[in-house]
Structures are given as structure tokens and as C-alpha cells.
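**Student:** For reference, the file final_0.tsv (TSV, C-alpha atoms) is included below:
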```tsv
chain	number	residue	atom	x	y	z
Y	1	MET	CA	102.69	159.67	107.70
Y	2	ASP	CA	103.26	163.27	106.60
Y	3	LEU	CA	100.37	164.72	104.58
Y	4	ALA	CA	102.39	167.64	103.14
Y	5	PRO	CA	104.05	165.86	100.18
Y	6	PHE	CA	100.73	164.35	99.15
Y	7	LEU	CA	99.05	167.77	99.12
Y	8	THR	CA	101.90	169.13	97.00
Y	9	ALA	CA	101.53	166.24	94.56
Y	10	ARG	CA	97.74	166.67	94.30
Y	11	ARG	CA	97.99	170.39	93.63
Y	12	GLN	CA	100.77	169.78	91.11
Y	13	VAL	CA	98.58	167.35	89.16
Y	14	LEU	CA	95.85	170.01	89.02
Y	15	ARG	CA	98.34	172.66	87.91
Y	16	GLN	CA	99.55	170.40	85.10
Y	17	GLU	CA	95.96	169.92	83.94
Y	18	LEU	CA	95.34	173.68	84.03
Y	19	GLU	CA	98.50	174.29	81.97
Y	20	ARG	CA	97.43	171.63	79.48
Y	21	ARG	CA	94.12	173.42	78.99
Y	22	GLY	CA	95.68	176.89	78.83
Y	23	LEU	CA	93.95	178.11	82.00
Y	24	ALA	CA	95.35	180.78	84.30
Y	25	GLY	CA	94.43	178.96	87.50
Y	26	ALA	CA	91.58	177.33	89.39
Y	27	ILE	CA	88.91	178.37	91.88
Y	28	ILE	CA	87.69	175.42	93.94
Y	29	THR	CA	84.53	175.61	96.06
Y	30	ASP	CA	83.36	171.97	96.31
Y	31	PRO	CA	84.01	171.00	99.99
Y	32	ASN	CA	85.34	167.55	99.00
Y	33	HIS	CA	87.77	168.97	96.43
Y	34	PHE	CA	88.77	171.76	98.83
Y	35	PHE	CA	89.65	169.23	101.55
Y	36	TYR	CA	91.50	167.00	99.08
Y	37	LEU	CA	93.72	169.88	97.91
Y	38	THR	CA	94.27	171.73	101.21
Y	39	GLY	CA	93.97	169.16	104.02
Y	40	LEU	CA	91.63	171.59	105.81
Y	41	LEU	CA	88.26	170.22	106.90
Y	42	PRO	CA	85.73	172.81	105.75
Y	43	ASN	CA	82.81	174.13	107.76
Y	44	LEU	CA	79.75	173.30	105.69
Y	45	ASN	CA	77.75	176.18	107.18
Y	46	PHE	CA	80.32	178.77	106.05
Y	47	PRO	CA	81.85	178.04	102.62
Y	48	SER	CA	85.56	177.94	101.90
Y	49	LEU	CA	87.46	178.56	98.65
Y	50	LEU	CA	90.81	177.61	97.17
Y	51	ALA	CA	92.31	179.95	94.57
Y	52	LEU	CA	95.33	178.49	92.82
Y	53	ASP	CA	97.67	179.52	90.02
Y	54	ALA	CA	100.99	178.14	88.76
Y	55	GLU	CA	102.89	179.27	91.86
Y	56	ARG	CA	100.53	180.15	94.69
Y	57	ALA	CA	97.58	178.61	96.51
Y	58	VAL	CA	95.30	180.70	98.73
Y	59	ALA	CA	92.61	179.18	100.94
Y	60	VAL	CA	89.79	181.45	102.09
Y	61	VAL	CA	88.08	180.06	105.20
Y	62	PRO	CA	85.68	181.31	107.87
Y	63	GLN	CA	87.34	182.78	110.95
Y	64	TYR	CA	85.47	180.30	113.15
Y	65	GLY	CA	84.84	176.66	112.32
Y	66	VAL	CA	87.95	175.64	110.34
Y	67	ASN	CA	91.06	174.48	112.18
Y	68	THR	CA	94.13	175.97	110.49
Y	69	SER	CA	96.49	175.51	113.46
Y	70	ALA	CA	98.06	172.32	112.11
Y	71	LEU	CA	98.39	173.38	108.49
Y	72	PRO	CA	100.68	170.90	106.65
Y	73	ALA	CA	103.97	172.51	105.63
Y	74	ALA	CA	103.88	171.55	101.97
Y	75	SER	CA	106.70	172.56	99.63
Y	76	ASP	CA	104.21	174.90	97.93
Y	77	PRO	CA	102.93	176.71	101.06
Y	78	LEU	CA	99.19	177.27	101.38
Y	79	GLU	CA	98.31	180.86	102.22
Y	80	VAL	CA	95.24	181.29	104.40
Y	81	MET	CA	92.81	184.23	104.45
Y	82	ALA	CA	90.04	184.22	107.07
Y	83	TYR	CA	86.76	186.14	106.85
Y	84	PRO	CA	84.58	187.05	109.86
Y	85	ASN	CA	81.61	184.72	110.00
Y	86	LEU	CA	79.91	185.00	113.40
Y	87	THR	CA	77.88	188.14	114.08
Y	88	LEU	CA	77.99	187.60	117.85
Y	89	ALA	CA	81.75	187.05	117.97
Y	90	ASP	CA	82.73	190.66	117.18
Y	91	LEU	CA	80.72	193.16	119.22
Y	92	SER	CA	82.73	196.11	117.91
Y	93	ARG	CA	80.76	196.06	114.66
Y	94	PHE	CA	78.00	194.24	112.84
Y	95	VAL	CA	79.27	191.28	110.81
Y	96	ASP	CA	77.39	190.70	107.56
Y	97	GLU	CA	78.50	187.12	106.91
Y	98	TYR	CA	77.45	187.04	103.25
Y	99	ALA	CA	79.19	190.33	102.44
Y	100	GLU	CA	82.36	189.36	104.33
Y	101	ARG	CA	82.58	186.07	102.46
Y	102	GLU	CA	81.97	187.71	99.09
Y	103	ARG	CA	84.68	190.31	99.71
Y	104	ALA	CA	87.20	187.68	100.87
Y	105	PHE	CA	86.55	185.32	97.97
Y	106	ALA	CA	86.86	188.13	95.44
Y	107	ALA	CA	90.00	189.46	97.13
Y	108	ALA	CA	91.77	186.10	96.84
Y	109	ILE	CA	90.88	185.83	93.17
Y	110	HIS	CA	92.18	189.36	92.49
Y	111	GLU	CA	95.28	188.70	94.62
Y	112	LEU	CA	96.28	185.90	92.23
Y	113	GLY	CA	95.35	187.94	89.15
Y	114	LEU	CA	92.67	185.46	88.06
Y	115	ALA	CA	89.75	187.88	87.72
Y	116	GLY	CA	88.36	187.99	84.20
Y	117	ARG	CA	90.76	185.31	82.92
Y	118	PRO	CA	90.04	181.71	81.85
Y	119	VAL	CA	90.06	179.53	84.97
Y	120	GLY	CA	89.09	176.07	86.07
Y	121	VAL	CA	86.14	175.73	88.45
Y	122	ASP	CA	84.11	172.89	89.92
Y	123	ALA	CA	81.04	173.77	87.92
Y	124	HIS	CA	78.49	171.96	90.09
Y	125	TYR	CA	79.45	174.13	93.10
Y	126	PHE	CA	80.76	177.40	91.68
Y	127	PRO	CA	78.32	180.14	92.77
Y	128	VAL	CA	76.86	182.64	90.34
Y	129	TRP	CA	77.42	185.52	92.74
Y	130	LEU	CA	81.15	184.79	92.81
Y	131	ALA	CA	81.38	184.90	89.02
Y	132	GLN	CA	79.73	188.31	89.12
Y	133	ALA	CA	81.88	189.59	92.01
Y	134	ALA	CA	85.13	188.57	90.27
Y	135	GLY	CA	84.11	189.77	86.82
Y	136	PHE	CA	83.94	186.37	85.10
Y	137	ALA	CA	81.98	185.87	81.92
Y	138	PRO	CA	80.60	182.38	81.19
Y	139	GLU	CA	83.34	181.75	78.61
Y	140	HIS	CA	86.00	182.28	81.32
Y	141	LEU	CA	84.82	179.31	83.41
Y	142	HIS	CA	85.95	175.78	82.54
Y	143	ASP	CA	84.94	172.75	84.59
Y	144	VAL	CA	87.75	170.86	86.32
Y	145	GLY	CA	85.46	169.31	88.94
Y	146	GLU	CA	85.05	166.13	86.95
Y	147	PHE	CA	88.82	165.89	86.54
Y	148	LEU	CA	89.33	166.21	90.32
Y	149	TYR	CA	86.57	163.69	91.01
Y	150	HIS	CA	88.34	161.09	88.88
Y	151	GLN	CA	91.69	161.91	90.48
Y	152	ARG	CA	90.13	161.19	93.86
Y	153	ILE	CA	88.93	157.72	92.83
Y	154	ILE	CA	92.53	156.45	93.14
Y	155	LYS	CA	93.68	156.86	96.75
Y	156	ASP	CA	97.27	157.79	97.55
Y	157	ALA	CA	99.08	156.17	100.47
Y	158	TRP	CA	97.98	158.83	102.96
Y	159	GLU	CA	94.31	158.40	102.02
Y	160	GLN	CA	94.61	154.63	102.22
Y	161	GLU	CA	95.89	154.95	105.78
Y	162	GLN	CA	92.99	157.23	106.77
Y	163	LEU	CA	90.49	154.71	105.43
Y	164	ALA	CA	92.29	151.82	107.13
Y	165	PHE	CA	92.15	153.71	110.43
Y	166	ALA	CA	88.41	154.35	110.01
Y	167	VAL	CA	87.83	150.63	109.34
Y	168	ARG	CA	89.81	149.72	112.46
Y	169	LEU	CA	87.56	152.06	114.42
Y	170	ASN	CA	84.53	150.20	113.03
Y	171	ASP	CA	86.04	146.95	114.32
Y	172	ILE	CA	86.14	148.49	117.80
Y	173	GLY	CA	82.49	149.46	117.44
Y	174	PHE	CA	81.54	145.93	116.42
Y	175	ALA	CA	83.30	144.49	119.47
Y	176	ALA	CA	81.44	146.91	121.75
Y	177	ALA	CA	78.13	146.05	120.08
Y	178	GLN	CA	78.78	142.35	120.59
Y	179	ALA	CA	79.46	142.93	124.30
Y	180	ALA	CA	76.31	145.06	124.76
Y	181	LEU	CA	73.78	143.03	122.76
Y	182	ARG	CA	71.64	140.67	124.84
Y	183	PRO	CA	67.94	140.08	125.54
Y	184	GLY	CA	66.23	143.12	127.03
Y	185	VAL	CA	68.50	145.86	125.63
Y	186	SER	CA	67.43	148.27	122.91
Y	187	ASP	CA	69.02	149.08	119.60
Y	188	TYR	CA	69.64	152.59	120.98
Y	189	GLU	CA	71.73	151.11	123.81
Y	190	VAL	CA	73.77	148.92	121.49
Y	191	PHE	CA	74.37	151.77	119.04
Y	192	SER	CA	75.43	154.04	121.93
Y	193	ALA	CA	77.84	151.41	123.25
Y	194	ALA	CA	79.48	151.17	119.82
Y	195	TRP	CA	79.73	154.96	119.50
Y	196	ARG	CA	81.21	155.39	122.99
Y	197	ALA	CA	83.88	152.75	122.41
Y	198	MET	CA	84.83	154.29	119.06
Y	199	ALA	CA	84.91	157.83	120.48
Y	200	ALA	CA	87.09	156.70	123.40
Y	201	HIS	CA	89.62	155.15	121.01
Y	202	LEU	CA	89.52	158.19	118.73
Y	203	GLY	CA	89.82	160.59	121.65
Y	204	GLY	CA	86.95	162.80	120.52
Y	205	THR	CA	83.52	163.00	118.97
Y	206	PHE	CA	82.70	161.99	115.40
Y	207	ASP	CA	79.75	161.36	113.10
Y	208	LEU	CA	78.47	157.78	113.03
Y	209	HIS	CA	75.90	156.94	110.39
Y	210	GLY	CA	74.32	153.75	109.15
Y	211	GLU	CA	71.81	151.01	109.67
Y	212	PHE	CA	71.65	149.62	113.18
Y	213	SER	CA	68.44	147.69	113.55
Y	214	GLY	CA	67.15	144.28	114.49
Y	215	GLY	CA	64.15	142.06	115.01
Y	216	PRO	CA	61.10	142.94	112.90
Y	217	ALA	CA	62.86	146.09	111.62
Y	218	ILE	CA	64.91	143.83	109.34
Y	219	THR	CA	62.52	143.25	106.48
Y	220	GLY	CA	62.83	142.31	102.84
Y	221	GLN	CA	64.39	145.76	102.30
Y	222	GLY	CA	67.22	145.44	104.82
Y	223	GLY	CA	67.77	147.40	108.01
Y	224	CYS	CA	67.30	150.98	109.19
Y	225	ALA	CA	68.47	153.41	111.87
Y	226	PRO	CA	67.79	152.53	115.52
Y	227	VAL	CA	64.07	152.73	116.34
Y	228	GLY	CA	63.97	151.79	120.03
Y	229	TYR	CA	63.44	148.07	119.50
Y	230	THR	CA	64.14	145.80	122.50
Y	231	PHE	CA	65.98	142.65	121.51
Y	232	GLN	CA	64.75	139.16	122.27
Y	233	ALA	CA	66.54	135.83	122.07
Y	234	GLY	CA	66.98	134.76	118.45
Y	235	ASP	CA	66.78	138.27	116.99
Y	236	LEU	CA	69.20	139.44	114.32
Y	237	LEU	CA	70.91	142.84	114.23
Y	238	ILE	CA	72.37	144.36	111.07
Y	239	ALA	CA	75.09	146.87	111.96
Y	240	ASP	CA	76.08	148.65	108.74
Y	241	ILE	CA	78.10	151.58	110.03
Y	242	TYR	CA	79.99	154.28	108.19
Y	243	PRO	CA	81.72	156.81	110.44
Y	244	VAL	CA	83.31	159.95	109.06
Y	245	ILE	CA	86.81	160.08	110.57
Y	246	ARG	CA	89.19	162.93	109.67
Y	247	GLY	CA	87.15	163.51	106.53
Y	248	TYR	CA	87.14	159.88	105.34
Y	249	GLN	CA	84.36	157.33	105.58
Y	250	ALA	CA	84.69	153.60	106.22
Y	251	ASP	CA	81.73	151.34	105.46
Y	252	THR	CA	81.59	147.87	106.99
Y	253	THR	CA	78.78	145.57	108.14
Y	254	ARG	CA	78.34	142.65	110.48
Y	255	THR	CA	75.21	140.71	111.40
Y	256	PHE	CA	74.69	139.79	115.06
Y	257	VAL	CA	72.36	137.23	116.63
Y	258	VAL	CA	71.07	137.29	120.20
Y	259	GLY	CA	71.90	133.91	121.70
Y	260	ALA	CA	72.61	130.71	119.79
Y	261	PRO	CA	71.83	130.97	116.05
Y	262	ALA	CA	69.05	128.92	114.51
Y	263	PRO	CA	70.16	126.51	111.78
Y	264	TRP	CA	68.66	128.70	109.06
Y	265	GLN	CA	70.59	131.72	110.38
Y	266	ARG	CA	73.86	129.81	110.17
Y	267	GLU	CA	73.02	128.63	106.65
Y	268	TRP	CA	72.13	132.09	105.40
Y	269	HIS	CA	75.27	133.66	106.83
Y	270	ALA	CA	77.48	130.90	105.41
Y	271	VAL	CA	76.22	131.93	101.96
Y	272	LEU	CA	77.34	135.52	102.60
Y	273	GLU	CA	80.72	134.40	103.93
Y	274	ASP	CA	81.35	132.31	100.82
Y	275	ALA	CA	80.17	135.10	98.50
Y	276	LEU	CA	82.44	137.63	100.21
Y	277	ALA	CA	85.42	135.27	100.09
Y	278	ARG	CA	84.90	134.66	96.37
Y	279	GLY	CA	84.67	138.37	95.69
Y	280	GLU	CA	87.75	139.12	97.77
Y	281	ALA	CA	89.75	136.47	95.91
Y	282	ALA	CA	88.69	137.96	92.56
Y	283	ILE	CA	89.65	141.59	93.23
Y	284	ARG	CA	92.55	142.72	91.06
Y	285	PRO	CA	93.41	145.58	88.71
Y	286	GLY	CA	91.69	145.22	85.35
Y	287	LEU	CA	88.67	143.31	86.67
Y	288	PRO	CA	85.37	144.82	85.44
Y	289	ALA	CA	83.20	145.86	88.37
Y	290	ALA	CA	80.23	144.22	86.61
Y	291	GLU	CA	82.09	140.90	86.67
Y	292	LEU	CA	82.83	141.33	90.37
Y	293	ASP	CA	79.12	141.95	90.94
Y	294	HIS	CA	78.32	138.76	89.03
Y	295	ILE	CA	80.73	136.78	91.22
Y	296	VAL	CA	79.29	138.05	94.50
Y	297	ARG	CA	75.62	138.50	93.62
Y	298	GLY	CA	75.55	135.38	91.45
Y	299	TYR	CA	76.73	133.19	94.33
Y	300	VAL	CA	74.13	134.63	96.71
Y	301	GLU	CA	71.32	134.23	94.19
Y	302	ARG	CA	72.26	130.61	93.48
Y	303	HIS	CA	72.16	129.71	97.16
Y	304	MET	CA	69.47	131.92	98.69
Y	305	PRO	CA	66.23	130.46	100.12
Y	306	ALA	CA	62.88	130.71	98.34
Y	307	GLY	CA	61.54	134.25	98.36
Y	308	GLY	CA	64.93	135.74	99.11
Y	309	SER	CA	66.61	138.65	97.36
Y	310	MET	CA	69.74	140.77	97.28
Y	311	PHE	CA	68.19	144.04	96.22
Y	312	HIS	CA	71.20	146.36	96.60
Y	313	HIS	CA	74.62	146.83	95.04
Y	314	ALA	CA	77.37	144.31	95.74
Y	315	GLY	CA	79.80	147.09	96.62
Y	316	HIS	CA	81.13	150.54	95.80
Y	317	GLY	CA	84.15	152.77	96.18
Y	318	ILE	CA	84.69	154.84	99.34
Y	319	GLY	CA	86.75	157.90	100.23
Y	320	ILE	CA	86.27	161.53	101.26
Y	321	ALA	CA	82.89	162.24	102.86
Y	322	VAL	CA	82.69	165.99	103.43
Y	323	GLY	CA	79.06	167.04	103.19
Y	324	LYS	CA	77.76	164.02	101.27
Y	325	GLY	CA	77.90	160.26	101.22
Y	326	ALA	CA	81.11	158.63	100.11
Y	327	HIS	CA	79.98	156.39	97.28
Y	328	TYR	CA	82.50	156.48	94.43
Y	329	PRO	CA	83.49	154.30	91.51
Y	330	PRO	CA	83.94	151.45	91.18
Y	331	PHE	CA	80.22	150.79	91.48
Y	332	VAL	CA	79.82	147.03	91.84
Y	333	VAL	CA	76.48	146.61	90.06
Y	334	PRO	CA	75.38	144.46	87.10
Y	335	HIS	CA	75.87	147.04	84.34
Y	336	SER	CA	78.76	149.04	85.80
Y	337	PRO	CA	81.21	150.53	83.26
Y	338	ASP	CA	83.96	150.74	85.91
Y	339	ILE	CA	87.22	148.79	85.81
Y	340	LEU	CA	89.15	148.11	89.02
Y	341	GLN	CA	92.47	149.96	89.26
Y	342	GLU	CA	95.34	149.78	91.70
Y	343	GLY	CA	94.75	152.26	94.52
Y	344	MET	CA	90.96	152.10	94.48
Y	345	VAL	CA	89.34	151.42	97.87
Y	346	LEU	CA	86.02	149.63	97.76
Y	347	THR	CA	83.46	147.69	99.73
Y	348	LEU	CA	81.95	144.31	99.03
Y	349	GLU	CA	78.61	143.74	100.74
Y	350	PRO	CA	76.59	140.63	99.92
Y	351	GLY	CA	73.17	140.59	101.57
Y	352	LEU	CA	70.29	138.15	101.82
Y	353	TYR	CA	66.73	139.14	102.76
Y	354	VAL	CA	63.45	137.22	103.00
Y	355	PRO	CA	60.32	139.31	103.65
Y	356	GLY	CA	58.60	138.32	106.86
Y	357	LYS	CA	61.52	136.28	108.15
Y	358	GLY	CA	64.60	138.47	108.32
Y	359	GLY	CA	67.80	139.42	106.61
Y	360	MET	CA	71.52	139.82	107.01
Y	361	ARG	CA	74.48	141.51	105.37
Y	362	LEU	CA	78.27	141.09	105.49
Y	363	GLU	CA	80.60	143.84	104.31
Y	364	ASP	CA	84.29	144.64	104.36
Y	365	ASN	CA	86.60	147.19	102.72
Y	366	TYR	CA	89.55	146.50	100.42
Y	367	ILE	CA	92.42	148.36	98.80
Y	368	VAL	CA	93.10	147.19	95.25
Y	369	THR	CA	96.80	146.28	95.05
Y	370	VAL	CA	99.04	145.42	92.11
Y	371	ASN	CA	98.30	141.69	92.37
Y	372	GLY	CA	95.00	141.53	94.25
Y	373	CYS	CA	93.71	143.34	97.31
Y	374	ARG	CA	94.45	144.25	100.90
Y	375	PRO	CA	91.50	143.62	103.27
Y	376	LEU	CA	91.10	146.36	105.87
Y	377	GLY	CA	88.68	144.81	108.37
Y	378	THR	CA	89.88	142.52	111.16
Y	379	PHE	CA	86.64	141.78	113.03
Y	380	PRO	CA	85.52	138.16	112.38
Y	381	LYS	CA	83.34	137.71	109.31
Y	382	THR	CA	81.25	134.96	110.88
Y	383	LEU	CA	77.75	135.45	112.28
Y	384	VAL	CA	78.37	137.28	115.58
Y	385	GLU	CA	76.84	135.51	118.59
Y	386	CYS	CA	75.89	137.75	121.53
Y	387	GLY	CA	74.49	137.52	125.04
```
Transcribe the structure of this file into C-alpha cells.

**Tutor:**
Amino acid sequence: MDLAPFLTARRQVLRQELERRGLAGAIITDPNHFFYLTGLLPNLNFPSLLALDAERAVAVVPQYGVNTSALPAASDPLEVMAYPNLTLADLSRFVDEYAERERAFAAAIHELGLAGRPVGVDAHYFPVWLAQAAGFAPEHLHDVGEFLYHQRIIKDAWEQEQLAFAVRLNDIGFAAAQAALRPGVSDYEVFSAAWRAMAAHLGGTFDLHGEFSGGPAITGQGGCAPVGYTFQAGDLLIADIYPVIRGYQADTTRTFVVGAPAPWQREWHAVLEDALARGEAAIRPGLPAAELDHIVRGYVERHMPAGGSMFHHAGHGIGIAVGKGAHYPPFVVPHSPDILQEGMVLTLEPGLYVPGKGGMRLEDNYIVTVNGCRPLGTFPKTLVECG
């Protein structure tokens, strides 16, 4: 799928909003918004900027750390300016990274004639020094960050495919974890097996985050990162993994058991399977997220054992994860104001935890469609038996 027409459409929506507000252009510095509008993965150590007016878009990026070789050929071409950013990479002179960046950012703004004019900015990220360098007074700066954030809640077809790919990669990780988990191996070994299988399929390295713990580490408050625990027969493992793949983050969970499950483990997991199925069947445009929470959480709470709890959200939106976690609306919590809309991509994640005994979680990702939803995960949703 070609990214170029989607980038053109996204920038056009922003331009229409700028025209509606009577603004001369926009200066975007939030890494998530920058990626959304340019398709370039930013380097978080060396900031990037997008300057945009009614006709042109100029991305200012560090010379090292941002791959511009495969720049999408959108119908409104993206111009790229690079500033030197590594002192040791140019021995012919001393590179002052802060000064180089300031000059390049200001040059792009002046190139588009935006200096000193009313512009849209992402106010939570727009630096004070840049306002001073480009001659902006406070009254010139108008926040469009919130507008872009809400645009990004609905995923276009290209974004949906990126998220679906990331979920498929998680499924590969789950299969590798199932093959590796047995008595005598550590959570580090199982986590590494999942990462290696996912990296081999991807053909490169990537960031893998999440909970990946078992045995006594699963308490009344859920799981945690690997701690070096060695698994024994009967232990549970919660694998809640959220890799960042091509800028997008999947978020799925399976619970594994070493050996044959005990009856109580089967019973607990059956509750989660039923809760997830009920939530999946309910997803549709127009459904309040609070009602979806009630469907999922309510079922778990009606069927959980004495002393049990589901202390966390029942789900949340996912998407771009450049520099921060990818939790977006709709937030599936009891008092959420969010309403499901076609094109949202969200998780559902019922969990059940009993202090002193253990816990488990089951999570999958869904695209909200015109009549319901499209599940993205393919790995079995049953309790995963290993070893």
C-alpha cells in the first residue's frame, strides 16, 4: 500500500483547518505529529520540524539519525533540509548541535514566509527558543496540536495495515514463547525467544516492551518485566507485549501455563475468554466506551473468585508510538466520555487477579468497522499450554 496519497490527504486536512482559522501555516515539532504528516521516523535525540503553508511543506531533520532515502512521493512534495548534528562526524569544523538546529529551524520558517505571522503550532511541544529565533509573539501562536491528536484517533487504511502487521508480529512472538516455555527456563529466555522470532520475521531489530513475567511475580497487581524467574510446572506467565513497528504499536496479551492447567486456571481463563467474546461482539460505531467497559468488566466481576479484582482499564485505543506510549481514545473505562467511531483501533483486555494466588489477562486488538469490528490477532485466545 502506497503511503504517499495518505500523507497528502493528512496534510490537506491540516491546511484546511489552518485556512478556516485564518492562519498562515503551521510549525509542527511533536514527534508523533511530525511522523504522521511526513512519514519520516524522527530521531528523538535530535529534534525535527515540519513547516507548512498552503503550498509547501518543509521538513527539517538531523543529518544523521533520520532515514530520508525512501521519502514517499506525495502529490505535494515534501522538501527536506538537514542540519549537522554529530560533532565527531565532521572533523573539518566544530559542530554546535544546538546552534545548527536553531539556524535550520529558523531558516525553514523564514523560507516559507511564516516568521512573525499567525501560525498553528503543537503548543505542548513548541519550544520557547524557536519562537524567539523566528520572531513570534505569543499572539502569533495558535494551538493545532489538539486538532491533530483528534485526527489521529481515526486510523486511515495505511495506518490500519501497519497496526495489523504489528499484531501479526506479536502472534509470532507468542508462538515462540509457547515453544520455549517449560520447567527450568527463565522469563529472560522466553522473552528473548519471542524477540528473536519477531526480529527474524521483521528482518531487523525493533523495540519490544511489556509485561513478561510468571510465577510469584504475578500478584494482585498483574505482571511486570522479566526478573530472572525460573519457571516450574504449574506456573502462569502473562505476556502483555507491545512492540513499536514502523512507528506503530500493537498491544496484545496471552496467558501461558507450564504443563497441564489446574482446574482453577481453566475456570479463570474461561471467564476472560467469555468477557472478551462479549466485548468483541458489542464493538460498533456509536457504542459508548463506558458501556463497552461495563460489558467486559461487568462479566469478569460477576464471575471472578472471592478476593479477585480487575484493577485496570478494559481497553484503550492504539496507534503511533514515537517517543511515548500509544494509549489513545477510546479509553474503555467506567466513566469514559468516548464514543466508538469507524476507523478507531482499540484493545480489549479483561484481566483477573487474586493476591497470593496468581492472575491472568487476555487481550486482542480490533478495528472498528461500519457494522462491527475486525479482529487483528490470530493466535488462539485459549489458555496456552506449554512444555

**Student:** Please check which residues have atoms at most 9 Å from (87.3, 176.8, 98.2) in the file's coordinates, counting all atoms listed in the file, and write them as an mmCIF file with C-alpha atoms, in the frame of the given file.

**Tutor:**
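Saved to result.cif:
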```cif
data_model
loop_
_atom_site.group_PDB
_atom_site.id
_atom_site.type_symbol
_atom_site.label_atom_id
_atom_site.label_comp_id
_atom_site.auth_asym_id
_atom_site.auth_seq_id
_atom_site.Cartn_x
_atom_site.Cartn_y
_atom_site.Cartn_z
ATOM 1 C CA ILE Y 27 88.910 178.370 91.880
ATOM 2 C CA ILE Y 28 87.690 175.420 93.940
ATOM 3 C CA THR Y 29 84.530 175.610 96.060
ATOM 4 C CA ASP Y 30 83.360 171.970 96.310
ATOM 5 C CA PRO Y 31 84.010 171.000 99.990
ATOM 6 C CA HIS Y 33 87.770 168.970 96.430
ATOM 7 C CA PHE Y 34 88.770 171.760 98.830
ATOM 8 C CA PHE Y 35 89.650 169.230 101.550
ATOM 9 C CA PRO Y 42 85.730 172.810 105.750
ATOM 10 C CA PRO Y 47 81.850 178.040 102.620
ATOM 11 C CA SER Y 48 85.560 177.940 101.900
ATOM 12 C CA LEU Y 49 87.460 178.560 98.650
ATOM 13 C CA LEU Y 50 90.810 177.610 97.170
ATOM 14 C CA ALA Y 51 92.310 179.950 94.570
ATOM 15 C CA VAL Y 58 95.300 180.700 98.730
ATOM 16 C CA ALA Y 59 92.610 179.180 100.940
ATOM 17 C CA VAL Y 60 89.790 181.450 102.090
ATOM 18 C CA VAL Y 61 88.080 180.060 105.200
ATOM 19 C CA PHE Y 105 86.550 185.320 97.970
#
```

**Student:** Could you check which of Y:Pro285, Y:Gly184, Y:Gly39, Y:Pro330 is closest to Glu159 in chain Y, using only C-alpha atoms?

**Tutor:** Y:Gly39

**Student:** Between CA of His150 in chain Y and CA of Ala70 in chain Y, what distance in Å does the model show, to one decimal?

**Tutor:**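 Separation between CA of His150 in chain Y and CA of Ala70 in chain Y: 27.6 Å.
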
**Student:** Between Y:Gly308, Y:Pro77, Y:Pro350, Y:Pro5, which residue has the minimum interatomic distance to Glu280 in chain Y, considering only C-alpha atoms?

**Tutor:**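 Nearest candidate to Glu280 in chain Y out of Y:Gly308, Y:Pro77, Y:Pro350, Y:Pro5: Y:Pro350.
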
**Student:** For CA of Leu208 in chain Y and CA of Pro226 in chain Y, quote the distance in Å rounded to one decimal.

**Tutor:**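 Separating CA of Leu208 in chain Y from CA of Pro226 in chain Y is a distance of 12.2 Å.
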
**Student:** Any idea what the distance is between CA of His124 in chain Y and CA of Tyr149 in chain Y?

**Tutor:** 11.6 Å

**Student:** Find the residues near Leu52 in chain Y: any atom within 6 Å, counting all atoms listed in the file, skip ones fewer than 3 places away on the same chain, and give them as a list in words.

**Tutor:**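 Near Leu52 in chain Y, the qualifying residues are Gly25, Ala26, Arg56 and Ala57 of chain Y.
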
**Student:** Closest to Ala197 in chain Y among Y:Val185, Y:Ala176, Y:Ala217, Y:Leu7, using all atoms listed in the file?

**Tutor:** Y:Ala176

**Student:** Choose the residue, out of Y:Leu78, Y:Val296, Y:Ala233, Y:Ile367, that has the smallest atom-to-atom separation from Ala164 in chain Y; count only C-alpha atoms.

**Tutor:**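 Closest to Ala164 in chain Y, using only C-alpha atoms: Y:Ile367.
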
**Student:** Could you check the closest approach to Ala281 in chain Y for each of Y:Thr255, Y:Gln341, Y:Asn371, Y:Thr68 and tell me which residue wins, using all atoms listed in the file?

**Tutor:** Y:Asn371

**Student:** Rank nothing, just name the residue among Y:Gly234, Y:Pro216, Y:Gly323, Y:Gly351 nearest to Arg297 in chain Y, using all atoms listed in the file.

**Tutor:** Y:Gly351

**Student:** Please list as a list in words every residue within 8 Å of Asp293 in chain Y, counting all atoms listed in the file and excluding residues in the same chain fewer than 3 positions away.

**Tutor:**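 These residues fall inside the cut-off: Ala289, Ala290, Val296, Arg297, Gly298, His313, Ala314, Gly315, Val332, Val333 and Pro334 of chain Y.
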
**Student:** List as a PyMOL selection string the protein and nucleic acid residues near Ile153 in chain Y, meaning an atom at most 12 Å away when all atoms listed in the file are counted, but skip any in the same chain fewer than 6 places from it.

**Tutor:** chain Y and resi 33+36+146-147+159-160+316-320+326-331+338-346+367-368

**Student:** Residues near range 257-260 of chain Y, anyone? I mean within 7 Å using all atoms listed in the file, not counting same-chain ones fewer than 5 positions away, as a CSV table (one decimal) with C-alpha atoms, keeping the file's coordinate frame.

**Tutor:**
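Output saved as out.csv:
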```csv
chain,number,residue,atom,x,y,z
Y,181,LEU,CA,73.8,143.0,122.8
Y,182,ARG,CA,71.6,140.7,124.8
Y,183,PRO,CA,67.9,140.1,125.5
Y,232,GLN,CA,64.8,139.2,122.3
Y,233,ALA,CA,66.5,135.8,122.1
Y,234,GLY,CA,67.0,134.8,118.4
Y,235,ASP,CA,66.8,138.3,117.0
Y,236,LEU,CA,69.2,139.4,114.3
Y,237,LEU,CA,70.9,142.8,114.2
Y,384,VAL,CA,78.4,137.3,115.6
Y,385,GLU,CA,76.8,135.5,118.6
Y,386,CYS,CA,75.9,137.8,121.5
Y,387,GLY,CA,74.5,137.5,125.0
```

**Student:** Within 10 Å of Gly113 in chain Y, counting only C-alpha atoms, which residues show up once you throw out same-chain ones fewer than 5 positions away? Write them as a compact mmCIF listing (two decimals) with C-alpha atoms, keeping the file's coordinate frame, please.

**Tutor:**
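Writing the result to selection-v8.txt gives the following:
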```
# COMPACT_ATOMS: atom_id res chain seq x y z
CA ALA Y 24 95.35 180.78 84.30
CA GLY Y 25 94.43 178.96 87.50
CA ASP Y 53 97.67 179.52 90.02
CA ALA Y 107 90.00 189.46 97.13
CA ALA Y 108 91.77 186.10 96.84
```

**Student:** Please define a box with edges along x, y and z of the file around all atoms of range 26-31 of chain Y given in the file, extend it by 5 Å on each side, and return its centre and edge lengths in Å to one decimal, as lines of an AutoDock Vina configuration file.

**Tutor:**
```
center_x = 87.5
center_y = 174.7
center_z = 94.7
size_x = 18.2
size_y = 17.4
size_z = 20.6
```
